[in-house]
$ cat start08.txt   # compact mmCIF, C-alpha atoms
# COMPACT_ATOMS: atom_id res chain seq x y z
CA MET L 1 18.27 -26.01 8.10
CA LYS L 2 15.19 -28.18 7.91
CA LEU L 3 12.28 -27.41 5.60
CA HIS L 4 8.98 -28.98 6.58
CA ASN L 5 6.96 -28.89 3.38
CA TYR L 6 4.84 -30.63 0.79
CA PHE L 7 5.77 -31.07 -2.86
CA ARG L 8 2.52 -29.63 -4.17
CA SER L 9 2.15 -26.74 -1.71
CA SER L 10 2.96 -23.61 -3.63
CA ALA L 11 4.01 -21.74 -0.50
CA SER L 12 6.55 -24.56 0.08
CA PHE L 13 7.71 -24.32 -3.52
CA ARG L 14 8.41 -20.58 -3.08
CA VAL L 15 10.82 -21.28 -0.22
CA ARG L 16 12.49 -24.18 -2.03
CA ILE L 17 13.26 -21.83 -4.93
CA ALA L 18 14.70 -19.21 -2.58
CA LEU L 19 16.92 -21.81 -0.86
CA GLU L 20 18.16 -23.03 -4.26
CA LEU L 21 18.81 -19.47 -5.48
CA LYS L 22 20.88 -18.84 -2.36
CA GLY L 23 22.67 -22.15 -2.79
CA LEU L 24 21.68 -23.26 0.73
CA GLY L 25 21.46 -26.95 1.56
CA TYR L 26 18.57 -28.19 3.71
CA ASP L 27 16.90 -31.32 5.03
CA TYR L 28 13.63 -31.99 3.27
CA VAL L 29 10.93 -33.08 5.74
CA PRO L 30 7.71 -34.05 3.97
CA VAL L 31 4.33 -33.14 5.52
CA HIS L 32 1.48 -34.85 3.70
CA LEU L 33 -1.29 -32.24 3.53
CA VAL L 34 -3.89 -34.45 1.90
CA LYS L 35 -3.44 -36.97 4.72
CA GLY L 36 -3.73 -34.11 7.25
CA GLU L 37 -0.23 -34.51 8.71
CA GLN L 38 -0.11 -30.74 9.34
CA LEU L 39 -2.74 -31.25 12.06
CA GLN L 40 -0.75 -33.90 13.96
CA PRO L 41 0.72 -32.80 17.33
CA ALA L 42 4.35 -33.14 16.22
CA PHE L 43 3.90 -30.67 13.38
CA ALA L 44 1.40 -28.43 15.18
CA ALA L 45 4.04 -27.83 17.85
CA LEU L 46 6.22 -26.23 15.16
CA SER L 47 3.50 -24.31 13.34
CA PRO L 48 0.75 -22.54 15.29
CA GLU L 49 -0.93 -22.00 11.91
CA ARG L 50 -0.83 -25.74 11.04
CA LEU L 51 0.47 -24.65 7.64
CA VAL L 52 3.51 -25.55 5.57
CA PRO L 53 6.19 -24.49 5.01
CA VAL L 54 8.11 -24.26 8.28
CA LEU L 55 11.83 -23.55 8.20
CA GLU L 56 13.81 -24.69 11.21
CA ASP L 57 16.99 -22.71 11.56
CA ASP L 58 19.20 -21.96 14.52
CA GLY L 59 16.68 -23.38 17.01
CA ARG L 60 13.74 -21.38 15.69
CA ALA L 61 10.74 -22.50 13.66
CA LEU L 62 9.85 -19.87 11.08
CA THR L 63 6.49 -19.73 9.32
CA GLN L 64 4.86 -17.93 6.38
CA SER L 65 6.73 -18.35 3.10
CA ILE L 66 7.31 -14.65 2.38
CA ALA L 67 8.56 -13.99 5.91
CA ILE L 68 10.90 -16.97 5.51
CA ILE L 69 12.26 -15.69 2.19
CA GLU L 70 12.86 -12.21 3.66
CA TYR L 71 14.66 -13.92 6.57
CA LEU L 72 16.87 -15.90 4.20
CA ASP L 73 17.65 -12.70 2.32
CA GLU L 74 18.65 -10.94 5.54
CA THR L 75 20.72 -13.81 6.93
CA HIS L 76 22.32 -14.83 3.61
CA PRO L 77 22.44 -11.62 1.57
CA GLN L 78 24.15 -13.06 -1.51
CA PRO L 79 22.71 -13.30 -4.12
CA PRO L 80 20.04 -10.76 -3.11
CA LEU L 81 16.36 -11.58 -3.70
CA LEU L 82 15.30 -7.94 -3.40
CA PRO L 83 16.75 -4.93 -5.24
CA ARG L 84 18.53 -2.16 -3.31
CA ALA L 85 16.38 0.97 -3.68
CA ALA L 86 13.34 1.22 -1.40
CA ALA L 87 10.89 1.96 -4.24
CA ASP L 88 12.17 -1.03 -6.23
CA ARG L 89 11.92 -3.26 -3.18
CA ALA L 90 8.33 -2.07 -2.77
CA ARG L 91 7.59 -2.98 -6.39
CA VAL L 92 8.96 -6.52 -5.98
CA ARG L 93 7.14 -7.03 -2.68
CA ALA L 94 3.89 -5.75 -4.19
CA LEU L 95 4.17 -8.22 -7.07
CA ALA L 96 4.76 -11.06 -4.61
CA LEU L 97 1.78 -9.96 -2.49
CA ASP L 98 -0.45 -9.57 -5.57
CA ILE L 99 -0.15 -13.33 -5.82
CA ALA L 100 0.27 -14.31 -2.16
CA CYS L 101 -2.65 -12.16 -0.93
CA GLU L 102 -4.99 -11.84 -3.93
CA ILE L 103 -4.82 -15.20 -5.71
CA HIS L 104 -3.36 -18.04 -3.68
CA PRO L 105 -5.44 -17.72 -0.45
CA LEU L 106 -8.66 -18.23 -2.37
CA ASN L 107 -7.50 -21.48 -3.87
CA ASN L 108 -5.71 -23.41 -1.20
CA LEU L 109 -6.77 -26.79 0.06
CA ARG L 110 -8.81 -25.77 3.10
CA VAL L 111 -10.82 -23.25 1.06
CA LEU L 112 -11.58 -25.81 -1.65
CA LYS L 113 -12.64 -28.22 1.08
CA TYR L 114 -15.01 -25.61 2.53
CA LEU L 115 -16.56 -25.04 -0.91
CA ASN L 116 -17.11 -28.78 -1.19
CA ARG L 117 -18.22 -29.72 2.28
CA GLU L 118 -19.91 -26.65 3.73
CA LEU L 119 -21.32 -25.10 0.57
CA GLY L 120 -21.89 -28.33 -1.36
CA LEU L 121 -20.42 -26.89 -4.56
CA SER L 122 -20.17 -29.14 -7.60
CA ASP L 123 -16.73 -29.83 -9.06
CA ASP L 124 -17.59 -27.55 -11.97
CA ALA L 125 -18.53 -24.64 -9.73
CA LYS L 126 -15.39 -25.23 -7.67
CA ASN L 127 -13.21 -25.19 -10.77
CA ASP L 128 -14.92 -21.99 -11.97
CA TRP L 129 -14.10 -20.42 -8.62
CA TYR L 130 -10.48 -21.54 -8.86
CA ARG L 131 -10.03 -20.27 -12.40
CA HIS L 132 -11.81 -17.00 -11.74
CA TRP L 133 -9.32 -15.89 -9.06
CA VAL L 134 -6.28 -17.18 -10.93
CA GLU L 135 -7.26 -15.63 -14.26
CA THR L 136 -8.36 -12.23 -12.92
CA GLY L 137 -5.50 -12.13 -10.41
CA LEU L 138 -2.85 -12.88 -13.02
CA GLU L 139 -4.38 -10.19 -15.24
CA ALA L 140 -3.47 -7.65 -12.53
CA VAL L 141 0.08 -9.05 -12.42
CA GLU L 142 0.27 -8.88 -16.22
CA ARG L 143 -0.73 -5.20 -16.18
CA GLN L 144 2.03 -4.50 -13.67
CA LEU L 145 4.71 -6.39 -15.56
CA ALA L 146 3.71 -5.21 -19.05
CA SER L 147 3.48 -1.54 -18.08
CA SER L 148 6.80 -1.13 -16.26
CA PRO L 149 10.26 -0.59 -17.75
CA ALA L 150 11.62 -2.26 -14.60
CA THR L 151 10.41 -5.65 -15.84
CA GLY L 152 13.23 -7.64 -17.40
CA PRO L 153 13.60 -11.29 -18.27
CA TYR L 154 12.61 -11.72 -14.62
CA CYS L 155 9.86 -9.85 -12.74
CA HIS L 156 12.37 -7.16 -11.83
CA GLY L 157 15.39 -6.77 -14.09
CA ASP L 158 18.02 -9.36 -14.89
CA LEU L 159 18.12 -11.30 -11.63
CA PRO L 160 15.60 -13.71 -10.16
CA GLY L 161 14.10 -12.58 -6.86
CA LEU L 162 11.23 -12.71 -4.39
CA ALA L 163 8.53 -11.98 -6.97
CA ASP L 164 9.74 -14.80 -9.23
CA CYS L 165 9.78 -17.20 -6.24
CA VAL L 166 6.05 -16.48 -5.80
CA LEU L 167 5.06 -16.24 -9.48
CA VAL L 168 6.39 -19.59 -10.66
CA PRO L 169 4.46 -21.82 -8.19
CA GLN L 170 1.27 -19.91 -9.03
CA ILE L 171 1.70 -20.77 -12.72
CA PHE L 172 2.23 -24.43 -11.84
CA ASN L 173 -1.12 -24.33 -10.02
CA ALA L 174 -2.78 -22.52 -12.91
CA GLU L 175 -1.61 -25.16 -15.34
CA ARG L 176 -2.72 -28.00 -13.07
CA PHE L 177 -6.24 -26.56 -13.01
CA ALA L 178 -6.26 -25.78 -16.77
CA CYS L 179 -6.62 -22.03 -16.25
CA ARG L 180 -6.50 -19.68 -19.21
CA LEU L 181 -3.02 -18.19 -19.59
CA ASP L 182 -3.01 -16.76 -23.11
CA HIS L 183 -4.13 -13.36 -21.79
CA VAL L 184 -0.96 -12.93 -19.68
CA PRO L 185 1.92 -13.13 -22.19
CA THR L 186 4.41 -11.12 -20.11
CA VAL L 187 3.75 -13.29 -17.07
CA MET L 188 4.34 -16.40 -19.17
CA LYS L 189 7.53 -15.00 -20.69
CA VAL L 190 8.93 -14.44 -17.21
CA PHE L 191 7.75 -17.90 -16.14
CA ASP L 192 9.43 -19.57 -19.13
CA HIS L 193 12.64 -17.68 -18.43
CA CYS L 194 12.61 -18.74 -14.77
CA MET L 195 12.07 -22.38 -15.69
CA GLN L 196 15.36 -22.38 -17.61
CA HIS L 197 17.18 -21.51 -14.39
CA PRO L 198 18.54 -24.55 -12.51
CA ALA L 199 17.27 -23.28 -9.12
CA PHE L 200 13.65 -23.21 -10.33
CA MET L 201 14.05 -26.53 -12.10
CA ARG L 202 15.50 -28.26 -9.04
CA ALA L 203 12.82 -26.87 -6.69
CA GLN L 204 9.82 -27.97 -8.76
CA PRO L 205 7.27 -30.41 -7.31
CA SER L 206 8.16 -33.34 -9.56
CA ASN L 207 11.72 -33.30 -8.18
CA CYS L 208 10.65 -33.54 -4.54
CA PRO L 209 11.21 -36.75 -2.59
CA ASP L 210 7.55 -36.95 -1.55
CA ALA L 211 6.40 -36.64 -5.18
CA GLN L 212 8.63 -39.50 -6.17
CA ALA L 213 7.64 -41.70 -3.25
CA MET K 1 2.58 11.93 0.16
CA LYS K 2 -0.91 11.08 -1.02
CA LEU K 3 -2.84 8.08 0.26
CA HIS K 4 -5.62 6.86 -2.00
CA ASN K 5 -7.82 4.83 0.29
CA TYR K 6 -11.24 4.04 1.73
CA PHE K 7 -12.22 4.45 5.35
CA ARG K 8 -13.56 0.91 5.71
CA SER K 9 -10.84 -0.90 3.75
CA SER K 10 -8.71 -2.69 6.28
CA ALA K 11 -5.66 -2.68 4.00
CA SER K 12 -6.01 1.14 3.89
CA PHE K 13 -6.38 1.28 7.66
CA ARG K 14 -3.07 -0.63 8.06
CA VAL K 15 -1.18 2.03 6.11
CA ARG K 16 -2.91 4.91 7.91
CA ILE K 17 -1.72 3.46 11.23
CA ALA K 18 1.85 3.14 9.93
CA LEU K 19 1.84 6.74 8.68
CA GLU K 20 0.55 7.93 12.06
CA LEU K 21 3.12 5.85 13.96
CA LYS K 22 5.86 7.42 11.85
CA GLY K 23 4.36 10.89 12.35
CA LEU K 24 4.14 11.43 8.59
CA GLY K 25 1.61 13.86 7.16
CA TYR K 26 -0.29 12.89 4.00
CA ASP K 27 -3.14 13.97 1.74
CA TYR K 28 -6.17 11.75 2.16
CA VAL K 29 -7.73 10.89 -1.22
CA PRO K 30 -10.95 8.90 -0.79
CA VAL K 31 -11.78 6.09 -3.24
CA HIS K 32 -15.33 4.85 -2.75
CA LEU K 33 -15.13 1.07 -3.14
CA VAL K 34 -18.84 0.38 -2.85
CA LYS K 35 -19.47 2.84 -5.71
CA GLY K 36 -16.70 1.12 -7.70
CA GLU K 37 -14.42 4.14 -7.95
CA GLN K 38 -11.38 1.83 -7.92
CA LEU K 39 -12.41 0.66 -11.41
CA GLN K 40 -12.52 4.18 -12.91
CA PRO K 41 -9.71 5.04 -15.37
CA ALA K 42 -8.17 7.76 -13.16
CA PHE K 43 -7.59 5.33 -10.31
CA ALA K 44 -6.84 2.30 -12.47
CA ALA K 45 -3.92 4.24 -13.97
CA LEU K 46 -2.37 4.36 -10.49
CA SER K 47 -3.20 0.81 -9.43
CA PRO K 48 -2.88 -2.08 -11.89
CA GLU K 49 -4.62 -4.20 -9.24
CA ARG K 50 -7.59 -1.77 -8.95
CA LEU K 51 -7.15 -2.06 -5.20
CA VAL K 52 -6.72 0.44 -2.39
CA PRO K 53 -4.53 1.60 -0.81
CA VAL K 54 -2.13 3.35 -3.17
CA LEU K 55 0.58 5.57 -1.71
CA GLU K 56 1.94 8.24 -4.03
CA ASP K 57 5.41 9.31 -2.98
CA ASP K 58 8.25 10.88 -4.87
CA GLY K 59 6.55 10.39 -8.26
CA ARG K 60 5.82 6.68 -7.70
CA ALA K 61 2.54 4.94 -7.01
CA LEU K 62 3.07 2.14 -4.51
CA THR K 63 0.57 -0.68 -3.98
CA GLN K 64 -0.07 -3.52 -1.52
CA SER K 65 -0.36 -2.39 2.09
CA ILE K 66 2.43 -4.53 3.52
CA ALA K 67 4.86 -3.52 0.76
CA ILE K 68 3.93 0.12 1.47
CA ILE K 69 4.56 -0.26 5.21
CA GLU K 70 7.95 -1.91 4.58
CA TYR K 71 8.76 1.00 2.22
CA LEU K 72 7.82 3.56 4.87
CA ASP K 73 9.98 1.70 7.36
CA GLU K 74 12.95 1.76 4.97
CA THR K 75 12.56 5.40 3.95
CA HIS K 76 11.65 6.73 7.42
CA PRO K 77 13.38 4.37 9.84
CA GLN K 78 12.29 6.11 13.07
CA PRO K 79 10.40 4.82 14.96
CA PRO K 80 10.98 1.33 13.51
CA LEU K 81 8.01 -0.91 12.69
CA LEU K 82 10.14 -4.07 12.62
CA PRO K 83 12.59 -5.29 15.28
CA ARG K 84 16.30 -5.54 14.50
CA ALA K 85 17.18 -9.24 14.61
CA ALA K 86 16.34 -11.28 11.51
CA ALA K 87 14.46 -14.00 13.45
CA ASP K 88 12.38 -11.38 15.25
CA ARG K 89 11.62 -9.60 11.98
CA ALA K 90 10.50 -12.97 10.59
CA ARG K 91 8.18 -13.45 13.57
CA VAL K 92 6.55 -10.04 13.10
CA ARG K 93 6.19 -10.52 9.34
CA ALA K 94 4.69 -13.99 9.85
CA LEU K 95 2.08 -12.57 12.25
CA ALA K 96 1.19 -9.88 9.72
CA LEU K 97 0.94 -12.46 6.93
CA ASP K 98 -1.14 -14.83 9.08
CA ILE K 99 -3.80 -12.14 8.84
CA ALA K 100 -3.02 -10.62 5.44
CA CYS K 101 -2.78 -13.99 3.63
CA GLU K 102 -4.93 -16.36 5.68
CA ILE K 103 -7.90 -14.28 6.87
CA HIS K 104 -8.43 -11.02 5.04
CA PRO K 105 -8.33 -12.24 1.39
CA LEU K 106 -11.27 -14.55 2.01
CA ASN K 107 -13.48 -11.77 3.28
CA ASN K 108 -12.90 -8.76 1.10
CA LEU K 109 -15.59 -7.08 -0.92
CA ARG K 110 -15.02 -8.78 -4.27
CA VAL K 111 -15.05 -12.24 -2.66
CA LEU K 112 -18.30 -11.53 -0.79
CA LYS K 113 -19.78 -10.27 -4.08
CA TYR K 114 -18.79 -13.51 -5.83
CA LEU K 115 -20.44 -15.55 -3.06
CA ASN K 116 -23.60 -13.51 -3.56
CA ARG K 117 -23.77 -13.15 -7.32
CA GLU K 118 -22.05 -16.21 -8.74
CA LEU K 119 -22.81 -18.75 -6.04
CA GLY K 120 -26.17 -17.32 -4.95
CA LEU K 121 -25.31 -17.69 -1.26
CA SER K 122 -27.83 -16.51 1.32
CA ASP K 123 -26.79 -13.75 3.71
CA ASP K 124 -26.63 -16.34 6.49
CA ALA K 125 -24.31 -18.62 4.53
CA LYS K 126 -22.17 -15.61 3.58
CA ASN K 127 -21.89 -14.53 7.21
CA ASP K 128 -20.99 -18.09 8.23
CA TRP K 129 -18.20 -18.02 5.64
CA TYR K 130 -16.96 -14.67 6.91
CA ARG K 131 -16.95 -15.74 10.54
CA HIS K 132 -15.40 -19.13 9.84
CA TRP K 133 -12.23 -17.63 8.35
CA VAL K 134 -11.98 -14.84 10.92
CA GLU K 135 -12.54 -17.10 13.92
CA THR K 136 -10.26 -19.95 12.83
CA GLY K 137 -7.65 -17.54 11.48
CA LEU K 138 -7.50 -15.52 14.69
CA GLU K 139 -7.18 -18.77 16.64
CA ALA K 140 -3.88 -19.37 14.84
CA VAL K 141 -2.76 -15.83 15.71
CA GLU K 142 -3.80 -16.40 19.33
CA ARG K 143 -1.69 -19.57 19.49
CA GLN K 144 1.32 -17.63 18.21
CA LEU K 145 0.88 -14.71 20.60
CA ALA K 146 -0.03 -16.76 23.68
CA SER K 147 2.85 -19.22 23.27
CA SER K 148 5.72 -16.78 22.75
CA PRO K 149 7.67 -14.86 25.38
CA ALA K 150 8.32 -12.25 22.66
CA THR K 151 4.71 -11.08 22.88
CA GLY K 152 4.42 -7.93 24.96
CA PRO K 153 1.68 -5.38 25.35
CA TYR K 154 2.02 -5.23 21.56
CA CYS K 155 2.37 -8.21 19.18
CA HIS K 156 6.13 -8.02 19.59
CA GLY K 157 7.45 -6.42 22.75
CA ASP K 158 6.85 -2.90 23.98
CA LEU K 159 6.60 -1.04 20.70
CA PRO K 160 3.83 -1.06 18.11
CA GLY K 161 4.88 -2.37 14.70
CA LEU K 162 3.90 -4.02 11.43
CA ALA K 163 1.96 -6.88 13.04
CA ASP K 164 -0.14 -4.46 15.11
CA CYS K 165 -0.86 -2.38 11.98
CA VAL K 166 -2.39 -5.50 10.43
CA LEU K 167 -4.05 -6.95 13.54
CA VAL K 168 -6.10 -3.93 14.57
CA PRO K 169 -8.05 -3.48 11.30
CA GLN K 170 -8.84 -7.21 11.30
CA ILE K 171 -10.45 -6.90 14.73
CA PHE K 172 -12.51 -3.94 13.53
CA ASN K 173 -13.83 -6.17 10.72
CA ALA K 174 -14.44 -9.04 13.12
CA GLU K 175 -16.51 -6.79 15.38
CA ARG K 176 -18.48 -5.36 12.46
CA PHE K 177 -19.50 -8.88 11.44
CA ALA K 178 -20.19 -10.00 15.03
CA CYS K 179 -17.49 -12.68 15.00
CA ARG K 180 -16.72 -14.61 18.14
CA LEU K 181 -13.69 -13.13 19.91
CA ASP K 182 -13.82 -14.60 23.42
CA HIS K 183 -11.56 -17.48 22.33
CA VAL K 184 -8.65 -15.13 21.50
CA PRO K 185 -7.92 -13.29 24.77
CA THR K 186 -4.28 -12.49 24.00
CA VAL K 187 -5.22 -11.05 20.61
CA MET K 188 -7.86 -8.88 22.29
CA LYS K 189 -5.46 -7.71 24.99
CA VAL K 190 -3.05 -6.52 22.30
CA PHE K 191 -5.92 -4.93 20.38
CA ASP K 192 -7.13 -3.04 23.46
CA HIS K 193 -3.62 -1.84 24.19
CA CYS K 194 -3.18 -0.60 20.61
CA MET K 195 -6.45 1.30 20.73
CA GLN K 196 -5.15 3.39 23.61
CA HIS K 197 -2.33 4.65 21.39
CA PRO K 198 -3.12 7.95 19.63
CA ALA K 199 -1.82 6.70 16.23
CA PHE K 200 -4.30 3.82 16.16
CA MET K 201 -7.11 6.06 17.41
CA ARG K 202 -6.48 8.74 14.80
CA ALA K 203 -6.25 6.23 11.94
CA GLN K 204 -9.52 4.44 12.69
CA PRO K 205 -12.34 4.43 10.10
CA SER K 206 -14.72 6.68 12.04
CA ASN K 207 -12.11 9.46 11.97
CA CYS K 208 -11.69 9.40 8.18
CA PRO K 209 -13.04 12.25 6.06
CA ASP K 210 -15.02 9.86 3.82
CA ALA K 211 -16.69 8.25 6.87
CA GLN K 212 -17.79 11.62 8.10
CA ALA K 213 -19.01 12.85 4.71

$ encode --input "start08.txt" --output "structure tokens"
Amino acid sequence: MKLHNYFRSSASFRVRIALELKGLGYDYVPVHLVKGEQLQPAFAALSPERLVPVLEDDGRALTQSIAIIEYLDETHPQPPLLPRAAADRARVRALALDIACEIHPLNNLRVLKYLNRELGLSDDAKNDWYRHWVETGLEAVERQLASSPATGPYCHGDLPGLADCVLVPQIFNAERFACRLDHVPTVMKVFDHCMQHPAFMRAQPSNCPDAQA
Amino acid sequence: MKLHNYFRSSASFRVRIALELKGLGYDYVPVHLVKGEQLQPAFAALSPERLVPVLEDDGRALTQSIAIIEYLDETHPQPPLLPRAAADRARVRALALDIACEIHPLNNLRVLKYLNRELGLSDDAKNDWYRHWVETGLEAVERQLASSPATGPYCHGDLPGLADCVLVPQIFNAERFACRLDHVPTVMKVFDHCMQHPAFMRAQPSNCPDAQA
């Protein structure tokens, strides 16, 4: 398998965690987003969205981090990244989507560029925007985690899964942009627990070849 | 089953289509987003995210439209909304997420409110924002659909599924905001085909009780 990705892309980070949790080896192919390498023909041929990550497996190029993680879970079922019962699976997927659909899309690179270039926002106004969606979005995740007996040391019970793969990169972003996090203690407890797990440690941005280059 | 939703919410519309495709009856509970009913205590108790839709089933309140559709597909497998092979499932999920993560989050009500209230954007600038993300986002979907032999009359082959449930509401939004659509002919061919199917017709906003009230 080949993972086309960028050390700082949180969607890439999600898939790296999933690959590590499954114990699957892969070739790391860096795509430098700030230099615009995702728009070059070679990469665009793999990704109609011009977005990282792309997982090449078995002659196919797969896109969208959550679709890739579900694929890995279906093709390499052990250890599972989703629980067994349908309602529990729905809970884990909803937690992942609360971040992937409600927080992250508002704060990715092309949106921040639009705020800068098209709307002429100051850096302060741009940072307010960033923090607003992270802080209010994580509040919703906190309410979910704090109110449910299904929450364990991980987002769902005793095993790391899809929701943790999505939560951890979001907290890395939040910390990088100095977002408030003291109002989401359950989220942070889960995050701290994840970061003691070797899979999460190995997958983190600072360990990526393109971060060290 | 009870579906808490709003006629114009495209995430609600996705789930209504899935329920119709599965032939599942449900109680329609309107939540008036423009009046802020999603923030009232009765609804907030069901949805930690304060977002529609919420599906109540078997004593559980399920959130996030795509997680709900996957749940319906697992609990009521016929007719399936995802193909069988893992790589095909990944393709369908990626198409759904290309809309649910890359287009829709930038244009929902709370984001448009922020552009208005916090950033003081003019209506013209707000509409430019809206159209930018719809038009460039659908271009990526067009590239996926037009380039793959897996595309049929529906997003994937001959049967309507998860990706169609997400695509159709996005086109309704695009039309409401007068977005350009002549650059995405394959997308529009799939849309037109879907809208001839009774499930998509029945689920559309104009047929909802709260639209007619």

$ interface_residues --input "start08.txt" --of "chain K" --to "chain L" --cutoff "8 Å" --atoms "only C-alpha atoms" --output "MDAnalysis selection string"
chainID K and resid 48:49 60 62:64 66:68 70:71 74:75 86:87 89:91 93:94 97:98 100:102 105:106 140:141 143:144

$ closest_residue --input "start08.txt" --among "K:Leu24, K:Leu46, K:Asp192, K:Tyr130" --to "K:Arg176" --atoms "all atoms listed in the file"
K:Tyr130

$ closest_residue --input "start08.txt" --among "K:Met1, K:Leu21, K:Val54, K:Val29" --to "K:Cys208" --atoms "all atoms listed in the file"
K:Val29

$ atom_distance --input "start08.txt" --atom1 "atom CA of K:Tyr154" --atom2 "atom CA of K:Val190"
5.3 Å

$ closest_residue --input "start08.txt" --among "L:Ala203, L:Pro79, L:Pro160, L:Val168" --to "L:Tyr26" --atoms "all atoms listed in the file"
L:Ala203

$ atom_distance --input "start08.txt" --atom1 "atom CA of K:His193" --atom2 "atom CA of K:Pro153"
6.5 Å

$ atom_distance --input "start08.txt" --atom1 "atom CA of K:Gly59" --atom2 "atom CA of K:Arg202"
26.5 Å

$ residues_around --input "start08.txt" --residues "K:His4" --least-positions-apart "2" --cutoff "7 Å" --atoms "all atoms listed in the file" --output "PyMOL selection string"
chain K and resi 2+28-31+52-55

$ closest_residue --input "start08.txt" --among "K:Gly36, K:Pro209, K:Ile17, K:Gly25" --to "K:Leu109" --atoms "all atoms listed in the file"
K:Gly36

$ axis_aligned_box --input "start08.txt" --around "stretch 79-96 of chain L" --padding-each-side "8 Å" --output "AutoDock Vina command-line options"
--center_x 13.3 --center_y -5.7 --center_z -4.2 --size_x 34.8 --size_y 31.3 --size_z 21.7

$ closest_residue --input "start08.txt" --among "L:Cys179, L:Pro83, L:Tyr6, L:Cys194" --to "L:Lys35" --atoms "all atoms listed in the file"
L:Tyr6

$ closest_residue --input "start08.txt" --among "L:Val134, L:Ala199, L:Leu33, L:Met188" --to "L:Arg110" --atoms "only C-alpha atoms"
L:Leu33
